[in-house]
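Text of model-v1.csv, listed as CSV, C-alpha atoms:
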chain,number,residue,atom,x,y,z
A,991,MET,CA,-69.1,13.5,24.3
A,992,ILE,CA,-68.0,9.9,23.5
A,993,ASN,CA,-69.5,8.8,20.3
A,994,LYS,CA,-67.1,6.0,19.1
A,995,PRO,CA,-65.2,3.2,20.8
A,996,SER,CA,-62.9,4.8,23.4
A,997,LEU,CA,-60.9,3.3,26.3
A,998,ILE,CA,-62.0,4.7,29.6
A,999,VAL,CA,-59.5,4.8,32.5
A,1000,ASP,CA,-60.4,5.0,36.2
A,1001,LYS,CA,-57.5,7.2,37.5
A,1002,GLU,CA,-58.2,6.4,41.1
A,1003,LYS,CA,-58.0,2.6,40.5
A,1004,CYS,CA,-54.8,3.0,38.5
A,1005,ILE,CA,-53.1,5.0,41.2
A,1006,ARG,CA,-54.1,2.4,43.8
A,1007,ASN,CA,-52.7,-0.3,41.5
A,1008,ILE,CA,-49.4,1.6,41.1
A,1009,ARG,CA,-49.0,2.3,44.8
A,1010,LYS,CA,-49.7,-1.3,45.7
A,1011,MET,CA,-47.1,-2.7,43.3
A,1012,LYS,CA,-44.5,-0.1,44.1
A,1013,ALA,CA,-45.0,-0.8,47.8
A,1014,LYS,CA,-44.4,-4.5,47.1
A,1015,ALA,CA,-41.2,-3.8,45.3
A,1016,ASP,CA,-40.0,-1.4,48.0
A,1017,LYS,CA,-40.7,-3.9,50.7
A,1018,ALA,CA,-38.7,-6.5,48.8
A,1019,ASN,CA,-35.9,-3.9,48.3
A,1020,VAL,CA,-35.9,-4.3,44.5
A,1021,LEU,CA,-36.0,-1.6,41.8
A,1022,PHE,CA,-39.4,-1.0,40.4
A,1023,ARG,CA,-39.1,-0.5,36.7
A,1024,PRO,CA,-42.7,-0.8,35.4
A,1025,HIS,CA,-43.4,-1.8,31.8
A,1026,PHE,CA,-45.2,1.1,30.1
A,1027,LYS,CA,-46.3,-1.0,27.0
A,1028,THR,CA,-49.7,-1.5,28.8
A,1029,HIS,CA,-50.8,2.1,29.1
A,1030,GLN,CA,-48.5,3.8,26.4
A,1031,SER,CA,-49.4,7.2,27.8
A,1032,ALA,CA,-47.2,10.1,28.9
A,1033,SER,CA,-50.2,11.3,30.9
A,1034,ILE,CA,-50.3,8.1,32.9
A,1035,GLY,CA,-46.5,8.1,33.1
A,1036,LYS,CA,-46.9,11.2,35.2
A,1037,TRP,CA,-49.0,9.3,37.8
A,1038,PHE,CA,-46.1,6.9,38.1
A,1039,ARG,CA,-43.6,9.7,38.5
A,1040,GLU,CA,-45.7,11.2,41.2
A,1041,GLU,CA,-45.4,7.9,43.1
A,1042,GLY,CA,-41.6,8.1,42.9
A,1043,VAL,CA,-40.9,6.0,39.8
A,1044,GLU,CA,-37.8,7.1,37.9
A,1045,ALA,CA,-36.9,4.1,35.7
A,1046,ILE,CA,-39.2,2.4,33.2
A,1047,THR,CA,-39.4,-0.4,30.6
A,1048,VAL,CA,-40.9,-0.1,27.1
A,1049,SER,CA,-41.3,-2.5,24.2
A,1050,SER,CA,-39.7,-0.6,21.3
A,1051,ILE,CA,-37.2,2.0,20.4
A,1052,SER,CA,-39.9,4.3,19.1
A,1053,MET,CA,-41.8,4.0,22.4
A,1054,ALA,CA,-38.6,4.7,24.2
A,1055,LYS,CA,-38.2,7.9,22.2
A,1056,TYR,CA,-41.8,8.9,23.0
A,1057,PHE,CA,-41.2,8.6,26.7
A,1058,ALA,CA,-37.7,10.2,26.5
A,1059,ASP,CA,-39.4,13.2,24.8
A,1060,ASN,CA,-41.7,13.3,27.8
A,1061,GLY,CA,-38.8,13.5,30.4
A,1062,TRP,CA,-37.9,9.9,31.2
A,1063,LYS,CA,-34.1,9.5,31.5
A,1064,ASP,CA,-33.6,5.8,32.4
A,1065,ILE,CA,-35.4,3.4,29.9
A,1066,SER,CA,-35.0,-0.3,29.2
A,1067,VAL,CA,-36.3,-1.7,25.9
A,1068,ALA,CA,-37.5,-5.2,26.8
A,1069,PHE,CA,-37.3,-6.5,23.2
A,1070,PRO,CA,-34.4,-8.1,21.4
A,1071,LEU,CA,-32.0,-5.6,19.7
A,1072,ASN,CA,-33.2,-4.7,16.2
A,1073,ILE,CA,-30.0,-3.8,14.4
A,1074,LEU,CA,-32.0,-2.1,11.6
A,1075,GLU,CA,-32.8,0.7,14.1
A,1076,MET,CA,-29.1,1.6,14.7
A,1077,GLU,CA,-29.5,5.3,13.8
A,1078,GLU,CA,-32.4,5.7,16.2
A,1079,ILE,CA,-30.6,3.8,18.9
A,1080,ASN,CA,-27.5,6.1,18.6
A,1081,ALA,CA,-29.6,9.2,18.7
A,1082,LEU,CA,-31.5,8.0,21.8
A,1083,ALA,CA,-28.4,6.8,23.6
A,1084,GLU,CA,-26.9,10.3,23.3
A,1085,ARG,CA,-29.5,11.8,25.7
A,1086,ILE,CA,-30.7,9.1,28.1
A,1087,THR,CA,-29.5,6.0,30.0
A,1088,LEU,CA,-30.6,3.4,27.5
A,1089,ASN,CA,-30.7,-0.3,28.4
A,1090,LEU,CA,-31.1,-2.8,25.6
A,1091,LEU,CA,-31.6,-6.5,25.3
A,1092,VAL,CA,-29.3,-8.9,23.4
A,1093,GLU,CA,-29.2,-12.7,23.1
A,1094,SER,CA,-26.5,-13.4,20.6
A,1095,VAL,CA,-22.8,-12.7,20.0
A,1096,GLY,CA,-23.7,-11.5,16.5
A,1097,SER,CA,-25.8,-8.6,17.8
A,1098,VAL,CA,-23.1,-7.4,20.1
A,1099,ARG,CA,-20.5,-7.5,17.3
A,1100,PHE,CA,-22.8,-5.4,15.2
A,1101,LEU,CA,-23.0,-2.9,18.1
A,1102,LYS,CA,-19.2,-2.9,18.3
A,1103,HIS,CA,-19.0,-1.5,14.8
A,1104,TYR,CA,-21.9,0.9,14.7
A,1105,LEU,CA,-22.6,2.1,18.2
A,1106,SER,CA,-21.6,5.8,18.8
A,1107,SER,CA,-22.8,6.3,22.4
A,1108,ASN,CA,-22.6,4.3,25.6
A,1109,ILE,CA,-25.4,1.8,26.4
A,1110,ASN,CA,-26.2,-0.9,28.9
A,1111,LEU,CA,-27.0,-4.4,27.9
A,1112,TYR,CA,-29.0,-7.1,29.5
A,1113,ILE,CA,-28.8,-10.7,28.3
A,1114,LYS,CA,-32.3,-12.2,27.7
A,1115,ILE,CA,-32.7,-15.5,29.4
A,1116,ASP,CA,-35.3,-18.1,28.5
A,1117,THR,CA,-36.6,-19.5,31.8
A,1118,GLY,CA,-39.4,-21.6,30.4
A,1119,TYR,CA,-41.6,-19.3,28.2
A,1120,HIS,CA,-39.7,-20.4,25.1
A,1121,ARG,CA,-40.5,-17.2,23.1
A,1122,THR,CA,-37.0,-15.9,22.9
A,1123,GLY,CA,-33.7,-15.6,24.8
A,1124,ILE,CA,-30.8,-17.9,25.5
A,1125,TRP,CA,-31.9,-21.1,27.3
A,1126,CYS,CA,-31.0,-20.8,30.9
A,1127,GLU,CA,-28.9,-24.0,31.0
A,1128,ASN,CA,-26.7,-22.9,28.0
A,1129,ILE,CA,-24.0,-21.4,30.2
A,1130,GLU,CA,-21.4,-21.6,27.4
A,1131,GLU,CA,-23.5,-19.5,25.1
A,1132,ILE,CA,-24.3,-17.0,27.8
A,1133,GLN,CA,-20.6,-16.7,28.7
A,1134,ASN,CA,-19.8,-16.0,25.0
A,1135,VAL,CA,-22.2,-13.1,24.9
A,1136,VAL,CA,-21.0,-11.8,28.3
A,1137,ASP,CA,-17.4,-11.8,27.0
A,1138,GLU,CA,-18.4,-10.1,23.7
A,1139,ILE,CA,-20.2,-7.4,25.6
A,1140,LYS,CA,-17.2,-6.8,27.9
A,1141,GLY,CA,-14.9,-6.7,24.9
A,1142,THR,CA,-16.9,-3.9,23.3
A,1143,GLU,CA,-15.9,-0.4,24.1
A,1144,LYS,CA,-19.3,1.3,24.4
A,1145,THR,CA,-21.4,-1.5,26.0
A,1146,GLU,CA,-21.8,-2.3,29.7
A,1147,PHE,CA,-23.0,-5.7,30.8
A,1148,ILE,CA,-25.6,-5.0,33.5
A,1149,GLY,CA,-27.2,-8.4,34.0
A,1150,PHE,CA,-29.9,-10.9,33.1
A,1151,LEU,CA,-33.5,-10.3,32.2
A,1152,THR,CA,-36.3,-12.8,31.8
A,1153,HIS,CA,-40.1,-12.7,31.2
A,1154,SER,CA,-42.2,-15.5,32.7
A,1155,GLY,CA,-44.9,-15.3,30.0
A,1156,GLN,CA,-45.9,-18.9,30.8
A,1157,ASN,CA,-47.6,-17.5,33.9
A,1158,TYR,CA,-50.4,-16.0,31.8
A,1159,HIS,CA,-51.3,-19.5,30.8
A,1160,ALA,CA,-51.1,-21.1,34.2
A,1161,LYS,CA,-54.1,-23.0,35.3
A,1162,ASP,CA,-54.1,-21.8,38.9
A,1163,GLU,CA,-52.3,-19.8,41.5
A,1164,GLU,CA,-50.2,-22.8,42.6
A,1165,GLU,CA,-48.8,-23.2,39.2
A,1166,ILE,CA,-47.8,-19.5,39.1
A,1167,ARG,CA,-46.1,-19.8,42.5
A,1168,ASN,CA,-44.3,-22.9,41.3
A,1169,ASN,CA,-43.2,-21.2,38.1
A,1170,HIS,CA,-42.0,-18.2,40.1
A,1171,GLY,CA,-40.0,-20.3,42.5
A,1172,GLU,CA,-38.2,-22.0,39.6
A,1173,VAL,CA,-37.5,-18.6,37.9
A,1174,LEU,CA,-36.0,-17.3,41.2
A,1175,ARG,CA,-33.8,-20.4,41.5
A,1176,ILE,CA,-32.6,-20.1,37.9
A,1177,MET,CA,-31.9,-16.4,38.0
A,1178,SER,CA,-30.2,-16.6,41.4
A,1179,GLU,CA,-27.9,-19.4,40.2
A,1180,LEU,CA,-27.0,-17.5,37.0
A,1181,LYS,CA,-26.2,-14.4,38.9
A,1182,ASP,CA,-24.1,-16.3,41.4
A,1183,TYR,CA,-22.2,-18.1,38.7
A,1184,PHE,CA,-21.3,-14.8,36.8
A,1185,LYS,CA,-21.0,-12.5,39.8
A,1186,LYS,CA,-17.3,-13.3,40.6
A,1187,ASP,CA,-16.2,-11.5,37.4
A,1188,ASN,CA,-19.2,-9.2,37.2
A,1189,PRO,CA,-19.9,-8.1,40.8
A,1190,ASN,CA,-22.5,-5.5,39.9
A,1191,ILE,CA,-24.8,-7.5,37.7
A,1192,ILE,CA,-28.6,-7.6,38.4
A,1193,SER,CA,-31.4,-10.0,37.8
A,1194,SER,CA,-34.7,-8.6,36.3
A,1195,ILE,CA,-38.1,-10.3,36.1
A,1196,GLY,CA,-41.5,-8.8,35.4
A,1197,ASP,CA,-44.7,-10.7,34.7
A,1198,THR,CA,-47.9,-9.3,36.3
A,1199,PRO,CA,-49.4,-12.7,37.3
A,1200,SER,CA,-46.5,-13.6,39.7
A,1201,CYS,CA,-45.9,-10.0,40.8
A,1202,SER,CA,-49.6,-9.8,41.7
A,1203,ILE,CA,-49.7,-12.8,44.0
A,1204,VAL,CA,-46.2,-13.5,45.4
A,1205,GLU,CA,-44.2,-11.6,48.0
A,1206,GLU,CA,-40.8,-13.4,47.7
A,1207,TYR,CA,-38.2,-12.1,45.3
A,1208,TYR,CA,-35.0,-13.7,46.7
A,1209,GLY,CA,-32.0,-12.9,44.4
A,1210,ILE,CA,-34.0,-10.5,42.2
A,1211,ASP,CA,-32.9,-6.9,41.8
A,1212,GLU,CA,-35.6,-5.5,39.5
A,1213,LEU,CA,-39.3,-5.9,38.8
A,1214,ARG,CA,-40.9,-5.0,35.5
A,1215,PRO,CA,-44.6,-5.8,35.6
A,1216,GLY,CA,-46.9,-3.7,33.2
A,1217,ASN,CA,-50.4,-5.1,32.9
A,1218,PHE,CA,-51.1,-4.5,36.6
A,1219,VAL,CA,-51.7,-0.7,36.0
A,1220,PHE,CA,-55.0,-1.6,34.2
A,1221,TYR,CA,-55.5,-5.3,34.6
A,1222,ASP,CA,-58.2,-6.8,32.4
A,1223,LEU,CA,-60.8,-9.5,32.1
A,1224,ASP,CA,-58.3,-12.3,31.7
A,1225,GLY,CA,-56.6,-11.1,35.0
A,1226,PHE,CA,-59.9,-11.0,36.8
A,1227,ILE,CA,-61.0,-14.5,35.6
A,1228,GLN,CA,-57.7,-16.0,36.4
A,1229,GLY,CA,-57.7,-14.5,39.9
A,1230,ARG,CA,-54.8,-12.1,39.5
A,1231,CYS,CA,-57.0,-9.1,40.5
A,1232,ASP,CA,-60.3,-8.2,41.9
A,1233,ASP,CA,-63.2,-6.7,39.9
A,1234,ASP,CA,-62.6,-3.3,41.5
A,1235,GLU,CA,-58.9,-3.3,40.5
A,1236,VAL,CA,-59.7,-3.5,36.8
A,1237,ALA,CA,-59.1,0.1,35.8
A,1238,VAL,CA,-60.3,0.1,32.1
A,1239,THR,CA,-63.4,-0.4,30.1
A,1240,MET,CA,-64.1,0.2,26.4
A,1241,ALA,CA,-67.0,2.5,25.9
A,1242,CYS,CA,-69.0,1.3,22.9
A,1243,PRO,CA,-72.2,2.8,21.3
A,1244,VAL,CA,-75.1,0.4,20.8
A,1245,VAL,CA,-76.1,0.5,17.1
A,1246,ALA,CA,-78.6,-2.3,16.6
A,1247,LYS,CA,-80.7,-5.0,18.3
A,1248,HIS,CA,-81.9,-8.3,16.9
A,1249,ASP,CA,-84.8,-9.7,18.9
A,1250,GLU,CA,-85.0,-13.1,17.3
A,1251,ARG,CA,-81.4,-13.9,18.2
A,1252,LYS,CA,-81.2,-11.8,21.4
A,1253,GLU,CA,-78.1,-10.1,20.0
A,1254,ILE,CA,-77.0,-6.6,20.4
A,1255,ILE,CA,-74.6,-4.9,18.0
A,1256,ILE,CA,-72.1,-2.5,19.3
A,1257,TYR,CA,-69.7,-0.2,17.5
A,1258,GLY,CA,-66.5,-1.9,18.7
A,1259,GLY,CA,-64.7,-4.6,16.8
A,1260,GLY,CA,-61.4,-6.3,16.2
A,1261,VAL,CA,-59.7,-3.0,15.3
A,1262,HIS,CA,-60.6,-1.8,18.8
A,1263,PHE,CA,-60.2,-4.8,21.0
A,1264,SER,CA,-57.9,-7.1,19.0
A,1265,LYS,CA,-59.3,-10.6,18.5
A,1266,GLU,CA,-58.0,-12.1,21.7
A,1267,TYR,CA,-60.5,-14.2,23.6
A,1268,ILE,CA,-61.0,-16.5,26.5
A,1269,ASP,CA,-62.2,-20.1,25.8
A,1270,THR,CA,-65.2,-20.6,28.0
A,1271,GLY,CA,-64.9,-24.4,27.8
A,1272,ASP,CA,-68.4,-24.9,26.3
A,1273,GLY,CA,-67.5,-24.1,22.7
A,1274,ASN,CA,-68.0,-20.4,23.1
A,1275,LYS,CA,-65.5,-17.6,23.0
A,1276,LEU,CA,-65.5,-14.6,25.4
A,1277,TYR,CA,-64.2,-11.4,23.8
A,1278,GLY,CA,-65.2,-9.2,26.7
A,1279,SER,CA,-67.7,-8.7,29.6
A,1280,ILE,CA,-70.4,-6.1,29.9
A,1281,VAL,CA,-70.6,-3.3,32.4
A,1282,LYS,CA,-73.1,-0.4,32.6
A,1283,PHE,CA,-71.3,2.9,32.0
A,1284,ASP,CA,-72.9,6.2,32.8
A,1285,GLY,CA,-70.1,8.4,31.3
A,1286,GLU,CA,-68.3,8.8,34.7
A,1287,GLU,CA,-68.2,5.3,36.2
A,1288,TRP,CA,-69.0,1.8,35.5
A,1289,THR,CA,-70.7,-1.0,37.4
A,1290,PRO,CA,-69.2,-4.4,38.3
A,1291,ILE,CA,-69.4,-6.9,35.5
A,1292,ILE,CA,-73.1,-7.8,35.0
A,1293,ALA,CA,-74.6,-11.2,34.4
A,1294,GLY,CA,-76.7,-12.2,31.4
A,1295,GLY,CA,-74.5,-11.3,28.5
A,1296,TYR,CA,-71.1,-11.2,27.0
A,1297,LEU,CA,-69.2,-10.0,23.9
A,1298,ALA,CA,-69.5,-13.2,21.7
A,1299,SER,CA,-67.9,-12.3,18.4
A,1300,LEU,CA,-65.9,-9.5,16.6
A,1301,SER,CA,-65.5,-8.5,13.0
A,1302,GLN,CA,-63.6,-5.4,11.9
A,1303,GLU,CA,-65.9,-2.7,13.4
A,1304,HIS,CA,-68.8,-4.8,14.7
A,1305,GLY,CA,-69.1,-6.5,18.1
A,1306,VAL,CA,-72.0,-8.9,18.8
A,1307,LEU,CA,-73.3,-9.2,22.3
A,1308,LYS,CA,-75.2,-12.4,23.3
A,1309,VAL,CA,-77.6,-11.4,26.1
A,1310,SER,CA,-80.5,-12.7,28.1
A,1311,GLU,CA,-84.0,-11.6,27.4
A,1312,GLU,CA,-84.1,-9.3,30.4
A,1313,LEU,CA,-80.8,-7.6,29.5
A,1314,PHE,CA,-82.0,-7.3,25.9
A,1315,LYS,CA,-85.0,-5.3,27.0
A,1316,GLU,CA,-82.8,-3.0,29.2
A,1317,ILE,CA,-80.3,-2.0,26.6
A,1318,GLU,CA,-81.3,0.7,24.1
A,1319,ILE,CA,-79.9,1.8,20.8
A,1320,GLY,CA,-77.8,4.9,21.2
A,1321,GLU,CA,-76.6,4.2,24.8
A,1322,LEU,CA,-73.0,3.6,25.7
A,1323,LEU,CA,-72.0,0.2,27.1
A,1324,GLY,CA,-68.7,-0.6,28.7
A,1325,ILE,CA,-66.9,-3.7,27.6
A,1326,VAL,CA,-64.1,-5.0,29.8
A,1327,PRO,CA,-61.4,-6.1,27.3
A,1328,VAL,CA,-59.8,-9.5,27.6
A,1329,HIS,CA,-56.3,-8.0,27.2
A,1330,SER,CA,-55.9,-4.4,28.1
A,1331,CYS,CA,-52.4,-4.1,26.5
A,1332,MET,CA,-53.7,-5.1,23.1
A,1333,ALA,CA,-56.8,-2.8,23.5
A,1334,VAL,CA,-54.5,0.2,24.1
A,1335,SER,CA,-52.5,-0.6,21.1
A,1336,CYS,CA,-55.6,-0.8,18.9
A,1337,ILE,CA,-57.5,2.3,20.0
A,1338,SER,CA,-56.9,6.0,19.2
A,1339,ASP,CA,-58.8,7.7,22.0
A,1340,MET,CA,-58.3,7.1,25.8
A,1341,PHE,CA,-60.1,9.2,28.5
A,1342,THR,CA,-60.3,9.2,32.2
A,1343,THR,CA,-63.7,8.8,33.8
A,1344,LYS,CA,-63.6,12.6,34.4
A,1345,GLY,CA,-63.4,13.2,30.6
A,1346,GLU,CA,-59.7,14.1,30.5
A,1347,LYS,CA,-58.1,13.0,27.2
A,1348,LEU,CA,-54.9,11.0,27.8
A,1349,ASP,CA,-51.9,11.5,25.6
A,1350,LEU,CA,-51.0,8.3,23.7
A,1351,PHE,CA,-48.0,6.9,21.9
A,1352,LYS,CA,-49.0,6.3,18.3
What is this file in structure tokens?
Amino acid sequence: MINKPSLIVDKEKCIRNIRKMKAKADKANVLFRPHFKTHQSASIGKWFREEGVEAITVSSISMAKYFADNGWKDISVAFPLNILEMEEINALAERITLNLLVESVGSVRFLKHYLSSNINLYIKIDTGYHRTGIWCENIEEIQNVVDEIKGTEKTEFIGFLTHSGQNYHAKDEEEIRNNHGEVLRIMSELKDYFKKDNPNIISSIGDTPSCSIVEEYYGIDELRPGNFVFYDLDGFIQGRCDDDEVAVTMACPVVAKHDERKEIIIYGGGVHFSKEYIDTGDGNKLYGSIVKFDGEEWTPIIAGGYLASLSQEHGVLKVSEELFKEIEIGELLGIVPVHSCMAVSCISDMFTTKGEKLDLFK
């Protein structure tokens, strides 16, 4: 019985989402290397494997170890090389195909001295998100890193990787399509420029917004979306998915009601959802939307209320008078999280709608 905040996963929706995205990659003749940082679950990893997925992406060396321990043999870590984890990197590289991310000559030189097993290296390219990576127009710096990789005995230069995180902040589908077109152009030109001396290099992209709405991947060899397996409230509001494609909700017990404010208190706070929110444009913040959850399935998002604020363990729902009367202390409500990746990172328990507990990386 669920008696504390728990993330509930609709397995059927997840599998549909996986099949849809893999079919898109197959149609475009690109490798599907999904990012597992969203679900972080060996149990859900099996659903991917059953659909023919063999290569994956993760966000840390420790997550790579978790999935390697669960049978995955080809893993990319889409986070800049952390040289302080050299011992763990060497141990992991001994038993799987390990693909790491670099963006400086210094990092590669460190590998030259301390790497004990062969690894593959992507160079991270900044194509407009401006979080990290070498700026795409800095060909000289990119060339220096390529040369350093090729001059290092145990490293193989496999190509360029980018993440179009700017698409999560796009105002509409047209902006996403325009961003995507620009990224295709940049990555194709980079690959063409370096292909003469590196004929087998690949280009890798992987944001869920563009992968959800576009069909064209000219010049791209690999797709790494992650959020699509669950989607979330942000994806629904931004039009990246339909309501029936959102495959997670947070089950939260109702613990108190305040009639004078038409507020309902749930057991479910920042330590369960994170404190990410959507700006509603009217001075309010949306931390989640409400669904009715009967223990096995949930309704579409219901009108008349929303998750209005979070503290450490508390969540405050602002609701209409009608909804206030309907909801009882002791019942479980479902809250669709703003960002499913962050919710998974916060919680300790994740179940399917059938009550199966899902193994989690922690």
Shell of 6 Å around range 997-999 of chain A, only C-alpha atoms, local chain residues under 4 positions omitted, as a PyMOL selection string: chain A and resi 1237-1240+1340-1343
For the selection just defined, write its residues with C-alpha atoms to a file, as a short mmCIF file (atom, residue, chain, number, x, y, z; two decimals), in the coordinates of the input.
data_model
loop_
_atom_site.label_atom_id
_atom_site.label_comp_id
_atom_site.auth_asym_id
_atom_site.auth_seq_id
_atom_site.Cartn_x
_atom_site.Cartn_y
_atom_site.Cartn_z
CA ALA A 1237 -59.10 0.10 35.80
CA VAL A 1238 -60.30 0.10 32.10
CA THR A 1239 -63.40 -0.40 30.10
CA MET A 1240 -64.10 0.20 26.40
CA MET A 1340 -58.30 7.10 25.80
CA PHE A 1341 -60.10 9.20 28.50
CA THR A 1342 -60.30 9.20 32.20
CA THR A 1343 -63.70 8.80 33.80
#
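For the atom pair formed by CA of Tyr1296 in chain A and CA of Arg1230 in chain A, the distance is 20.6 Å, given to one decimal.
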What are the closest atom pairs, with distances in Å to one decimal, for all residues of range 1039-1126 of chain A lying within 10 Å of range 1187-1200 of chain A? Consider only C-alpha atoms, order rows by chain and residue number, and present the result as a tab-separated table.
residue	atom	partner	partner_atom	distance
A:Thr1047	CA	A:Gly1196	CA	9.9
A:Tyr1112	CA	A:Ile1192	CA	8.9
A:Ile1113	CA	A:Ser1193	CA	9.9
A:Lys1114	CA	A:Ser1194	CA	9.6
A:Ile1115	CA	A:Ser1194	CA	10.0
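Counting only C-alpha atoms, the residue from A:Gly1225, A:Pro995, A:Ile1166, A:Val1309 that sits nearest to Asp1339 in chain A is A:Pro995.
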Using 8 Å as the limit and counting only C-alpha atoms, can you tabulate each residue of range 1176-1240 of chain A that touches range 1016-1021 of chain A, with its shortest atom-to-atom distance in Å and the two atoms involved, as a tab-separated table?
residue	atom	partner	partner_atom	distance
A:Glu1205	CA	A:Ala1018	CA	7.5
A:Glu1206	CA	A:Ala1018	CA	7.3
A:Tyr1207	CA	A:Ala1018	CA	6.6
A:Ile1210	CA	A:Val1020	CA	6.9
A:Asp1211	CA	A:Val1020	CA	4.8
A:Glu1212	CA	A:Leu1021	CA	4.5
A:Leu1213	CA	A:Leu1021	CA	6.2
Fewer than 4 positions away in the same chain doesn't count, so skip those; otherwise give me all residues within 7 Å of Asp1224 in chain A, counting all atoms listed in the file, as a ChimeraX atom specification. /A:1228,1328-1329
Selection above as a file: C-alpha atoms, as a PDB file, keeping the file's coordinate frame:
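Output below, filename again-v6.pdb:
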ATOM      1  CA  GLN A1228     -57.700 -16.000  36.400  1.00  0.00           C
ATOM      2  CA  VAL A1328     -59.800  -9.500  27.600  1.00  0.00           C
ATOM      3  CA  HIS A1329     -56.300  -8.000  27.200  1.00  0.00           C
TER       4      HIS A1329
END
Pick from A:Lys994, A:Leu1297, A:Asp1059, A:Ile1268, whichever lies nearest to Glu1321 in chain A using only C-alpha atoms: A:Lys994
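Coordinates place CA of His1304 in chain A at a distance of 23.9 Å from CA of Val1236 in chain A.
Coordinates place CA of Asn1060 in chain A at a distance of 20.2 Å from CA of Glu1077 in chain A.
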Taking all atoms of range 1079-1090 of chain A that appear in the file, build a box with edges along x, y and z, extend it by 8 Å on every side, and state its centre and edge lengths in Å to one decimal, as JSON.
{"center_x": -29.2, "center_y": 4.5, "center_z": 24.3, "size_x": 20.6, "size_y": 30.6, "size_z": 27.4}
Just checking: using all atoms listed in the file, which residue out of A:Val1067, A:Ala1054, A:Val1306, A:Leu1348 ends up closest to Leu1276 in chain A? A:Val1306
